[in-house]
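Next up, input.cif (mmCIF, C-alpha atoms):
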data_work
#
loop_
_atom_site.group_PDB
_atom_site.id
_atom_site.type_symbol
_atom_site.label_atom_id
_atom_site.label_comp_id
_atom_site.auth_asym_id
_atom_site.auth_seq_id
_atom_site.Cartn_x
_atom_site.Cartn_y
_atom_site.Cartn_z
ATOM 1 C CA MET C 1 -21.921 6.594 12.100
ATOM 2 C CA SER C 2 -21.043 3.168 13.476
ATOM 3 C CA VAL C 3 -17.466 2.171 14.169
ATOM 4 C CA LYS C 4 -15.762 -0.970 15.403
ATOM 5 C CA LEU C 5 -13.678 -0.533 18.558
ATOM 6 C CA LEU C 6 -10.923 -2.962 19.529
ATOM 7 C CA TYR C 7 -9.020 -3.213 22.797
ATOM 8 C CA PHE C 8 -5.704 -4.969 23.375
ATOM 9 C CA ALA C 9 -3.494 -6.118 26.268
ATOM 10 C CA TRP C 10 -4.320 -4.450 29.603
ATOM 11 C CA VAL C 11 -6.834 -2.115 27.976
ATOM 12 C CA ARG C 12 -8.747 -5.224 26.873
ATOM 13 C CA GLU C 13 -8.420 -6.833 30.312
ATOM 14 C CA GLN C 14 -9.732 -3.738 32.073
ATOM 15 C CA THR C 15 -12.640 -3.025 29.732
ATOM 16 C CA GLY C 16 -13.472 -6.731 29.814
ATOM 17 C CA ILE C 17 -14.163 -6.813 26.084
ATOM 18 C CA ARG C 18 -12.098 -7.487 22.988
ATOM 19 C CA GLU C 19 -14.212 -5.626 20.442
ATOM 20 C CA GLU C 20 -17.582 -3.949 19.987
ATOM 21 C CA THR C 21 -19.442 -1.799 17.491
ATOM 22 C CA ILE C 22 -20.764 1.574 18.646
ATOM 23 C CA GLU C 23 -22.559 4.571 17.203
ATOM 24 C CA LEU C 24 -20.161 7.506 17.361
ATOM 25 C CA PRO C 25 -21.788 10.383 19.269
ATOM 26 C CA GLN C 26 -21.928 13.753 17.505
ATOM 27 C CA GLU C 27 -19.651 15.428 20.041
ATOM 28 C CA VAL C 28 -16.794 12.950 19.475
ATOM 29 C CA ALA C 29 -14.412 14.425 16.908
ATOM 30 C CA THR C 30 -11.000 13.106 17.947
ATOM 31 C CA ILE C 31 -9.361 10.099 19.597
ATOM 32 C CA SER C 32 -9.030 12.193 22.731
ATOM 33 C CA ASP C 33 -12.792 12.964 22.696
ATOM 34 C CA LEU C 34 -13.552 9.296 22.180
ATOM 35 C CA MET C 35 -11.479 8.261 25.216
ATOM 36 C CA THR C 36 -13.223 10.908 27.332
ATOM 37 C CA TRP C 37 -16.588 9.578 26.182
ATOM 38 C CA LEU C 38 -15.572 5.948 26.810
ATOM 39 C CA LYS C 39 -14.546 6.775 30.396
ATOM 40 C CA GLU C 40 -18.162 7.710 31.150
ATOM 41 C CA ARG C 41 -19.479 4.293 30.185
ATOM 42 C CA GLY C 42 -18.876 2.590 33.519
ATOM 43 C CA PRO C 43 -16.252 1.670 36.094
ATOM 44 C CA GLU C 44 -14.419 -0.772 33.799
ATOM 45 C CA PHE C 45 -13.973 1.855 31.111
ATOM 46 C CA ALA C 46 -13.154 4.557 33.658
ATOM 47 C CA ALA C 47 -10.364 2.304 34.985
ATOM 48 C CA ALA C 48 -9.099 1.287 31.545
ATOM 49 C CA PHE C 49 -8.838 4.878 30.345
ATOM 50 C CA ALA C 50 -7.846 6.474 33.666
ATOM 51 C CA GLU C 51 -4.321 7.072 32.394
ATOM 52 C CA SER C 52 -5.391 7.848 28.869
ATOM 53 C CA HIS C 53 -2.148 9.713 28.078
ATOM 54 C CA VAL C 54 -0.227 6.402 28.007
ATOM 55 C CA ILE C 55 -2.756 4.669 25.755
ATOM 56 C CA ARG C 56 -1.961 4.457 22.046
ATOM 57 C CA ALA C 57 -4.536 4.404 19.273
ATOM 58 C CA ALA C 58 -4.845 3.211 15.702
ATOM 59 C CA VAL C 59 -7.424 4.283 13.140
ATOM 60 C CA ASP C 60 -8.047 1.711 10.426
ATOM 61 C CA GLN C 61 -4.882 -0.116 11.508
ATOM 62 C CA THR C 62 -2.568 2.903 11.324
ATOM 63 C CA HIS C 63 -0.942 4.493 14.401
ATOM 64 C CA VAL C 64 -2.401 7.932 15.181
ATOM 65 C CA ASN C 65 -1.985 10.660 17.791
ATOM 66 C CA HIS C 66 -4.699 11.589 20.281
ATOM 67 C CA ASP C 67 -5.670 14.657 18.266
ATOM 68 C CA ALA C 68 -6.428 12.556 15.159
ATOM 69 C CA ARG C 69 -9.962 12.886 13.833
ATOM 70 C CA VAL C 70 -12.238 9.862 13.922
ATOM 71 C CA ALA C 71 -14.753 10.825 11.219
ATOM 72 C CA GLY C 72 -14.876 8.183 8.508
ATOM 73 C CA ALA C 73 -13.055 5.540 10.540
ATOM 74 C CA THR C 74 -14.316 1.975 10.302
ATOM 75 C CA GLU C 75 -12.017 0.526 12.984
ATOM 76 C CA ILE C 76 -10.422 2.205 16.005
ATOM 77 C CA ALA C 77 -8.099 0.345 18.375
ATOM 78 C CA PHE C 78 -6.790 1.254 21.834
ATOM 79 C CA PHE C 79 -3.728 -0.380 23.380
ATOM 80 C CA PRO C 80 -0.664 0.179 25.586
ATOM 81 C CA PRO C 81 2.726 1.045 24.055
ATOM 82 C CA VAL C 82 3.843 -1.978 22.035
ATOM 83 C CA THR C 83 6.362 -4.483 23.414
ATOM 84 C CA GLY C 84 7.115 -6.960 20.630
ATOM 85 C CA GLY C 85 10.410 -8.026 19.138
ATOM 86 C CA MET R 1 8.714 -10.785 2.992
ATOM 87 C CA ILE R 2 6.999 -10.876 6.356
ATOM 88 C CA ARG R 3 5.146 -13.571 8.291
ATOM 89 C CA VAL R 4 3.251 -13.671 11.578
ATOM 90 C CA GLN R 5 2.735 -17.122 13.040
ATOM 91 C CA GLU R 6 2.081 -19.082 16.209
ATOM 92 C CA ASN R 7 4.466 -21.922 15.305
ATOM 93 C CA ASP R 8 8.213 -21.932 15.771
ATOM 94 C CA PHE R 9 10.510 -21.188 12.850
ATOM 95 C CA ASP R 10 13.612 -23.018 11.635
ATOM 96 C CA ILE R 11 16.353 -20.459 11.059
ATOM 97 C CA GLY R 12 18.350 -22.683 8.686
ATOM 98 C CA ALA R 13 15.311 -23.519 6.587
ATOM 99 C CA GLU R 14 14.230 -19.861 6.382
ATOM 100 C CA LEU R 15 17.715 -18.811 5.345
ATOM 101 C CA ALA R 16 17.950 -21.549 2.713
ATOM 102 C CA ARG R 17 14.557 -20.607 1.243
ATOM 103 C CA LEU R 18 15.359 -16.898 1.130
ATOM 104 C CA THR R 19 18.731 -17.332 -0.562
ATOM 105 C CA GLU R 20 18.006 -20.288 -2.842
ATOM 106 C CA GLY R 21 19.414 -19.750 -6.324
ATOM 107 C CA ARG R 22 20.813 -16.327 -5.437
ATOM 108 C CA SER R 23 24.390 -15.640 -6.456
ATOM 109 C CA ASP R 24 24.137 -11.853 -6.079
ATOM 110 C CA LEU R 25 24.249 -11.874 -2.270
ATOM 111 C CA GLY R 26 27.564 -11.065 -0.682
ATOM 112 C CA ALA R 27 26.377 -10.513 2.887
ATOM 113 C CA ILE R 28 23.578 -12.112 4.868
ATOM 114 C CA VAL R 29 22.718 -11.098 8.429
ATOM 115 C CA THR R 30 20.326 -13.095 10.601
ATOM 116 C CA PHE R 31 19.011 -11.863 13.951
ATOM 117 C CA THR R 32 16.940 -14.027 16.283
ATOM 118 C CA GLY R 33 15.156 -12.688 19.357
ATOM 119 C CA THR R 34 14.380 -15.287 22.034
ATOM 120 C CA VAL R 35 12.493 -15.397 25.334
ATOM 121 C CA ARG R 36 14.826 -14.486 28.192
ATOM 122 C CA GLN R 37 14.214 -16.347 31.453
ATOM 123 C CA GLY R 38 15.532 -13.523 33.598
ATOM 124 C CA ALA R 39 16.587 -13.915 37.234
ATOM 125 C CA GLY R 40 15.391 -12.930 40.699
ATOM 126 C CA ASP R 41 12.230 -10.822 40.592
ATOM 127 C CA ASP R 42 12.368 -10.802 36.804
ATOM 128 C CA LYS R 43 12.452 -14.586 36.418
ATOM 129 C CA ILE R 44 9.600 -15.808 34.251
ATOM 130 C CA ASP R 45 8.000 -19.201 33.644
ATOM 131 C CA GLU R 46 6.222 -18.366 30.411
ATOM 132 C CA MET R 47 5.059 -15.516 28.223
ATOM 133 C CA THR R 48 2.096 -14.811 25.966
ATOM 134 C CA LEU R 49 2.424 -12.532 22.985
ATOM 135 C CA GLU R 50 -0.817 -10.836 21.973
ATOM 136 C CA HIS R 51 -1.065 -9.002 18.652
ATOM 137 C CA TYR R 52 -3.450 -7.105 16.393
ATOM 138 C CA PRO R 53 -4.112 -9.364 13.390
ATOM 139 C CA GLY R 54 -4.154 -7.304 10.214
ATOM 140 C CA MET R 55 -2.380 -4.277 11.612
ATOM 141 C CA THR R 56 0.592 -6.428 12.653
ATOM 142 C CA GLU R 57 1.149 -7.601 9.096
ATOM 143 C CA GLY R 58 0.628 -4.072 7.783
ATOM 144 C CA GLU R 59 3.178 -2.561 10.167
ATOM 145 C CA LEU R 60 5.783 -5.255 9.469
ATOM 146 C CA GLU R 61 5.358 -4.690 5.729
ATOM 147 C CA ARG R 62 5.704 -0.967 6.262
ATOM 148 C CA VAL R 63 8.955 -1.246 8.268
ATOM 149 C CA GLU R 64 10.367 -3.713 5.752
ATOM 150 C CA ALA R 65 9.537 -1.332 2.880
ATOM 151 C CA GLU R 66 11.162 1.507 4.834
ATOM 152 C CA ALA R 67 14.362 -0.536 5.270
ATOM 153 C CA ARG R 68 14.414 -1.399 1.589
ATOM 154 C CA SER R 69 14.073 2.260 0.679
ATOM 155 C CA ARG R 70 17.061 3.161 2.885
ATOM 156 C CA TRP R 71 19.473 0.327 2.071
ATOM 157 C CA PRO R 72 20.163 -1.644 -1.111
ATOM 158 C CA LEU R 73 18.784 -4.956 0.137
ATOM 159 C CA ALA R 74 18.649 -7.886 -2.234
ATOM 160 C CA ALA R 75 16.408 -9.929 0.072
ATOM 161 C CA SER R 76 14.774 -9.572 3.475
ATOM 162 C CA LEU R 77 12.553 -11.529 5.815
ATOM 163 C CA ILE R 78 10.765 -10.826 9.080
ATOM 164 C CA VAL R 79 9.051 -13.670 10.972
ATOM 165 C CA HIS R 80 7.325 -12.810 14.267
ATOM 166 C CA ARG R 81 5.566 -15.297 16.541
ATOM 167 C CA PHE R 82 2.556 -14.802 18.824
ATOM 168 C CA GLY R 83 0.846 -16.952 21.445
ATOM 169 C CA ARG R 84 2.334 -18.853 24.386
ATOM 170 C CA LEU R 85 6.134 -19.020 24.616
ATOM 171 C CA GLU R 86 8.619 -20.403 27.126
ATOM 172 C CA PRO R 87 12.098 -19.213 28.088
ATOM 173 C CA GLY R 88 14.531 -20.049 25.303
ATOM 174 C CA ASP R 89 11.836 -20.072 22.613
ATOM 175 C CA ASN R 90 12.268 -18.066 19.424
ATOM 176 C CA ILE R 91 10.203 -14.859 19.170
ATOM 177 C CA VAL R 92 11.403 -13.020 16.101
ATOM 178 C CA LEU R 93 13.642 -13.625 13.096
ATOM 179 C CA VAL R 94 15.086 -10.930 10.859
ATOM 180 C CA ILE R 95 17.194 -11.757 7.821
ATOM 181 C CA THR R 96 18.712 -9.108 5.571
ATOM 182 C CA ALA R 97 20.843 -9.773 2.523
ATOM 183 C CA SER R 98 22.841 -7.378 0.434
ATOM 184 C CA ALA R 99 25.870 -7.212 -1.811
ATOM 185 C CA HIS R 100 27.959 -5.813 1.047
ATOM 186 C CA ARG R 101 27.845 -6.309 4.795
ATOM 187 C CA LYS R 102 27.306 -2.740 6.017
ATOM 188 C CA ALA R 103 23.865 -2.431 4.456
ATOM 189 C CA ALA R 104 22.833 -5.868 5.741
ATOM 190 C CA PHE R 105 24.026 -5.171 9.307
ATOM 191 C CA GLU R 106 22.470 -1.725 9.484
ATOM 192 C CA ALA R 107 19.168 -2.755 7.919
ATOM 193 C CA ALA R 108 18.800 -5.670 10.358
ATOM 194 C CA GLU R 109 19.325 -3.361 13.321
ATOM 195 C CA PHE R 110 16.949 -0.781 11.869
ATOM 196 C CA LEU R 111 14.254 -3.411 11.313
ATOM 197 C CA MET R 112 14.470 -4.599 14.919
ATOM 198 C CA ASP R 113 14.460 -1.043 16.315
ATOM 199 C CA TYR R 114 11.480 -0.069 14.203
ATOM 200 C CA LEU R 115 9.405 -3.174 14.727
ATOM 201 C CA LYS R 116 9.909 -2.953 18.509
ATOM 202 C CA THR R 117 8.257 0.473 18.587
ATOM 203 C CA ASN R 118 5.690 0.037 15.802
ATOM 204 C CA ALA R 119 4.489 -3.550 15.405
ATOM 205 C CA PRO R 120 1.393 -4.082 17.595
ATOM 206 C CA PHE R 121 2.561 -6.896 19.884
ATOM 207 C CA TRP R 122 2.224 -7.019 23.676
ATOM 208 C CA LYS R 123 4.124 -9.351 26.001
ATOM 209 C CA ARG R 124 2.458 -10.740 29.113
ATOM 210 C CA GLU R 125 4.873 -12.509 31.426
ATOM 211 C CA VAL R 126 3.862 -15.177 33.929
ATOM 212 C CA SER R 127 5.945 -15.932 37.007
ATOM 213 C CA GLY R 128 4.441 -18.492 39.393
ATOM 214 C CA ASP R 129 0.896 -17.276 40.081
ATOM 215 C CA LYS R 130 1.674 -13.707 39.042
ATOM 216 C CA ALA R 131 1.212 -12.215 35.585
ATOM 217 C CA ARG R 132 2.214 -8.806 34.294
ATOM 218 C CA TRP R 133 2.197 -6.884 31.038
ATOM 219 C CA VAL R 134 5.710 -5.913 30.003
ATOM 220 C CA GLU R 135 6.173 -2.138 29.930
ATOM 221 C CA ALA R 136 7.675 -0.416 26.925
ATOM 222 C CA ARG R 137 11.208 0.866 27.472
ATOM 223 C CA ALA R 138 12.258 4.435 26.833
ATOM 224 C CA SER R 139 15.486 3.030 25.360
ATOM 225 C CA ASP R 140 13.472 1.295 22.623
ATOM 226 C CA ASP R 141 11.983 4.637 21.578
ATOM 227 C CA ALA R 142 15.426 6.212 21.646
ATOM 228 C CA ASN R 143 16.852 3.391 19.525
ATOM 229 C CA ALA R 144 14.126 3.822 16.919
ATOM 230 C CA LYS R 145 14.427 7.618 16.900
ATOM 231 C CA ARG R 146 18.151 7.686 16.234
ATOM 232 C CA TRP R 147 17.411 6.398 12.714
ATOM 233 C CA ASP R 148 15.089 9.337 12.027
ATOM 234 C CA ALA R 149 17.956 11.779 11.899
ATOM 235 C CA ARG R 150 19.852 9.628 9.450
ATOM 236 C CA GLY R 151 19.051 9.595 5.801
ATOM 237 C CA LYS R 152 20.048 6.791 3.569
ATOM 238 C CA ALA R 153 23.132 5.130 5.014
ATOM 239 C CA ALA R 154 25.457 2.514 3.549
ATOM 240 C CA GLU R 155 25.610 1.667 -0.115
#
So that I can check it, write out the structure of this file as structure tokens.
Amino acid sequence: MSVKLLYFAWVREQTGIREETIELPQEVATISDLMTWLKERGPEFAAAFAESHVIRAAVDQTHVNHDARVAGATEIAFFPPVTGG
Amino acid sequence: MIRVQENDFDIGAELARLTEGRSDLGAIVTFTGTVRQGAGDDKIDEMTLEHYPGMTEGELERVEAEARSRWPLAASLIVHRFGRLEPGDNIVLVITASAHRKAAFEAAEFLMDYLKTNAPFWKREVSGDKARWVEARASDDANAKRWDARGKAAE
């Protein structure tokens, strides 16, 4: 299953990319699994997701927790806590 | 009504448009958030607001709908800017209108508390040759949470 990944703010700066489309590996069931998998992709991703507990995620543009399932998602975003307003 | 835009907004014009022809409004609250210059180590020269197009609009619509379910609002507007901003520039505008002031005041505060913790915006401040991403404040989470315990408030 292919899914679009988006990165914002310092997560984007550290990964070095704004968005990409990947094939979700079989073993990735949750947001937490996906971050663990992303960390293995190279030093940029390892750095970006080093403190994965502070990173927030959205599935199809809705805020989710790290235990949320990713099956069926078309768009998953990773970003720091928001600071608008 | 919500809007996300790079350009500045004119508070008077927004207010006039929102309330045109309305004689049922007894109380109108406007809140404007602007870029603070800060001082000392916190002094900034400029700021860039990044956002998540699509989700930003969705979240602002969601918080506006939540406010309208809690208070009897006759009209409401949220305008949030993104892009490069300088100290003194407008960032966000919230207008709430109701028959009576309590609902309008409370809803405006609720909207700001909720959008600060839910709308996907990120501030990057530049000071001289240094840049840093603004960190979320625990007090913002606390401000948003205090509404959770409250049901529907003023009528």
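For the file shown, the residue list from the PyMOL selection byres ((chain R and resi 33) around 7) reads Gly85 of chain C; Phe31, Thr32, Thr34, Asn90, Ile91, Val92 and Leu93 of chain R.
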Tell me, counting all atoms listed in the file, for each residue of chain C within 7 Å of chain R, which pair of atoms is nearest and how far apart they are in Å to one decimal, in rows ordered by chain and increasing number, as a Markdown table.
| residue | atom | partner | partner_atom | distance |
| --- | --- | --- | --- | --- |
| C:Ala9 | CA | R:Trp122 | CA | 6.3 |
| C:Gln61 | CA | R:Met55 | CA | 4.9 |
| C:Pro81 | CA | R:Ala136 | CA | 5.9 |
| C:Val82 | CA | R:Pro120 | CA | 5.5 |
| C:Thr83 | CA | R:Trp122 | CA | 4.9 |
| C:Gly84 | CA | R:Phe121 | CA | 4.6 |
| C:Gly85 | CA | R:Lys116 | CA | 5.1 |
Subject >> For C:Thr62, the nearest of the candidates R:Asp24, R:Leu60, R:Asp8, R:Ala16, counting all atoms listed in the file >> reply: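 Ranking R:Asp24, R:Leu60, R:Asp8, R:Ala16 by distance to C:Thr62, first place goes to R:Leu60.
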**OP:** May I have the residues within 6 Å of C:Phe78 as a VMD selection string, using only C-alpha atoms and disregarding those fewer than 3 positions away in the same chain?
**Re:** chain C and resid 7 56 to 57
Output the selection as an mmCIF file, keeping the file's coordinate frame - C-alpha atoms for each residue.
data_model
loop_
_atom_site.group_PDB
_atom_site.id
_atom_site.type_symbol
_atom_site.label_atom_id
_atom_site.label_comp_id
_atom_site.auth_asym_id
_atom_site.auth_seq_id
_atom_site.Cartn_x
_atom_site.Cartn_y
_atom_site.Cartn_z
ATOM 1 C CA TYR C 7 -9.020 -3.213 22.797
ATOM 2 C CA ARG C 56 -1.961 4.457 22.046
ATOM 3 C CA ALA C 57 -4.536 4.404 19.273
#
Original post:
What's the 10 Å shell around R:Glu106, counting all atoms listed in the file, without same-chain residues fewer than 4 positions away, as a list in words?
Top reply: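 That gives Val29, Ala67, Arg70, Trp71, Thr96, Arg101, Lys102, Phe110, Leu111, Ala153 and Ala154 of chain R.
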Subject >> Explicit residues for the PyMOL selection byres ((chain C and resi 21) around 12) (as a PyMOL selection string) >> reply: chain C and resi 1-7+17-20+22-24+73-77
Written selection (C-alpha atoms) as an mmCIF file, in the coordinates of the input:
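Final output, saved to again.cif:
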data_model
loop_
_atom_site.group_PDB
_atom_site.id
_atom_site.type_symbol
_atom_site.label_atom_id
_atom_site.label_comp_id
_atom_site.auth_asym_id
_atom_site.auth_seq_id
_atom_site.Cartn_x
_atom_site.Cartn_y
_atom_site.Cartn_z
ATOM 1 C CA MET C 1 -21.921 6.594 12.100
ATOM 2 C CA SER C 2 -21.043 3.168 13.476
ATOM 3 C CA VAL C 3 -17.466 2.171 14.169
ATOM 4 C CA LYS C 4 -15.762 -0.970 15.403
ATOM 5 C CA LEU C 5 -13.678 -0.533 18.558
ATOM 6 C CA LEU C 6 -10.923 -2.962 19.529
ATOM 7 C CA TYR C 7 -9.020 -3.213 22.797
ATOM 8 C CA ILE C 17 -14.163 -6.813 26.084
ATOM 9 C CA ARG C 18 -12.098 -7.487 22.988
ATOM 10 C CA GLU C 19 -14.212 -5.626 20.442
ATOM 11 C CA GLU C 20 -17.582 -3.949 19.987
ATOM 12 C CA ILE C 22 -20.764 1.574 18.646
ATOM 13 C CA GLU C 23 -22.559 4.571 17.203
ATOM 14 C CA LEU C 24 -20.161 7.506 17.361
ATOM 15 C CA ALA C 73 -13.055 5.540 10.540
ATOM 16 C CA THR C 74 -14.316 1.975 10.302
ATOM 17 C CA GLU C 75 -12.017 0.526 12.984
ATOM 18 C CA ILE C 76 -10.422 2.205 16.005
ATOM 19 C CA ALA C 77 -8.099 0.345 18.375
#
Original post:
Using all atoms listed in the file, can you list as a VMD selection string the residues within 9 Å of (-8.2, -0.3, 32.4)?
Top reply: chain C and resid 10 to 16 44 to 51
Starting from 6 Å padding per side, set up an axis-aligned box that covers all listed atoms of stretch 14-28 of chain C and hand over centre and edge lengths in Å, one decimal, as JSON.
{"center_x": -16.1, "center_y": 4.0, "center_z": 24.6, "size_x": 24.8, "size_y": 34.9, "size_z": 26.9}
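Taking atom CA of R:Glu125 and atom CA of R:Asp89 as the two end points, the separation is 13.5 Å.
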Subject >> Pairwise distance for atom CA of C:Ala68 and atom CA of C:Ser32, rounded to one decimal in Å >> reply: 8.0 Å
Original post:
For the atom pair atom CA of C:Leu38 and atom CA of C:Pro25, what is the interatomic distance in Å to one decimal place?
Top reply: 10.7 Å
Which residues would end up in the selection if the PyMOL selection byres ((chain R and resi 39-47) around 9) were applied here, given that I need the answer as an mmCIF file with C-alpha atoms, keeping the file's coordinate frame?
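Full text of selection_34.cif as output:
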data_model
loop_
_atom_site.group_PDB
_atom_site.id
_atom_site.type_symbol
_atom_site.label_atom_id
_atom_site.label_comp_id
_atom_site.auth_asym_id
_atom_site.auth_seq_id
_atom_site.Cartn_x
_atom_site.Cartn_y
_atom_site.Cartn_z
ATOM 1 C CA VAL R 35 12.493 -15.397 25.334
ATOM 2 C CA ARG R 36 14.826 -14.486 28.192
ATOM 3 C CA GLN R 37 14.214 -16.347 31.453
ATOM 4 C CA GLY R 38 15.532 -13.523 33.598
ATOM 5 C CA THR R 48 2.096 -14.811 25.966
ATOM 6 C CA LEU R 49 2.424 -12.532 22.985
ATOM 7 C CA GLY R 83 0.846 -16.952 21.445
ATOM 8 C CA ARG R 84 2.334 -18.853 24.386
ATOM 9 C CA LEU R 85 6.134 -19.020 24.616
ATOM 10 C CA GLU R 86 8.619 -20.403 27.126
ATOM 11 C CA PRO R 87 12.098 -19.213 28.088
ATOM 12 C CA LYS R 123 4.124 -9.351 26.001
ATOM 13 C CA ARG R 124 2.458 -10.740 29.113
ATOM 14 C CA GLU R 125 4.873 -12.509 31.426
ATOM 15 C CA VAL R 126 3.862 -15.177 33.929
ATOM 16 C CA SER R 127 5.945 -15.932 37.007
ATOM 17 C CA GLY R 128 4.441 -18.492 39.393
ATOM 18 C CA ALA R 131 1.212 -12.215 35.585
#
Original post:
Within 6 Å of R:Ala97, counting all atoms listed in the file, which residues qualify if same-chain residues fewer than 2 places away don't, as a PyMOL selection string?
Top reply: chain R and resi 27-28+73-75+104
Original post:
Which residue, C:Phe8, C:Val59, C:Pro43, C:Ser52, has the smallest gap to C:Ala71 when you use only C-alpha atoms?
Top reply: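 Closest candidate: C:Val59.
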Original post:
Got a sec to check which residues sit within 9 Å of (-10.7, 14.3, 20.9), counting all atoms listed in the file, and write them as a list in words?
Top reply: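 Checked against the point, the hits come out as Val28, Ala29, Thr30, Ile31, Ser32, Asp33, Leu34, Met35, Thr36, His66, Asp67, Ala68, Arg69 and Val70 of chain C.
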Original post:
Which one is closest to R:Gln5: R:Ala65, R:Lys130, R:Ile78, R:Ala99? Count all atoms listed in the file.
Top reply: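 Counting all atoms listed in the file, the residue closest to R:Gln5 is R:Ile78.
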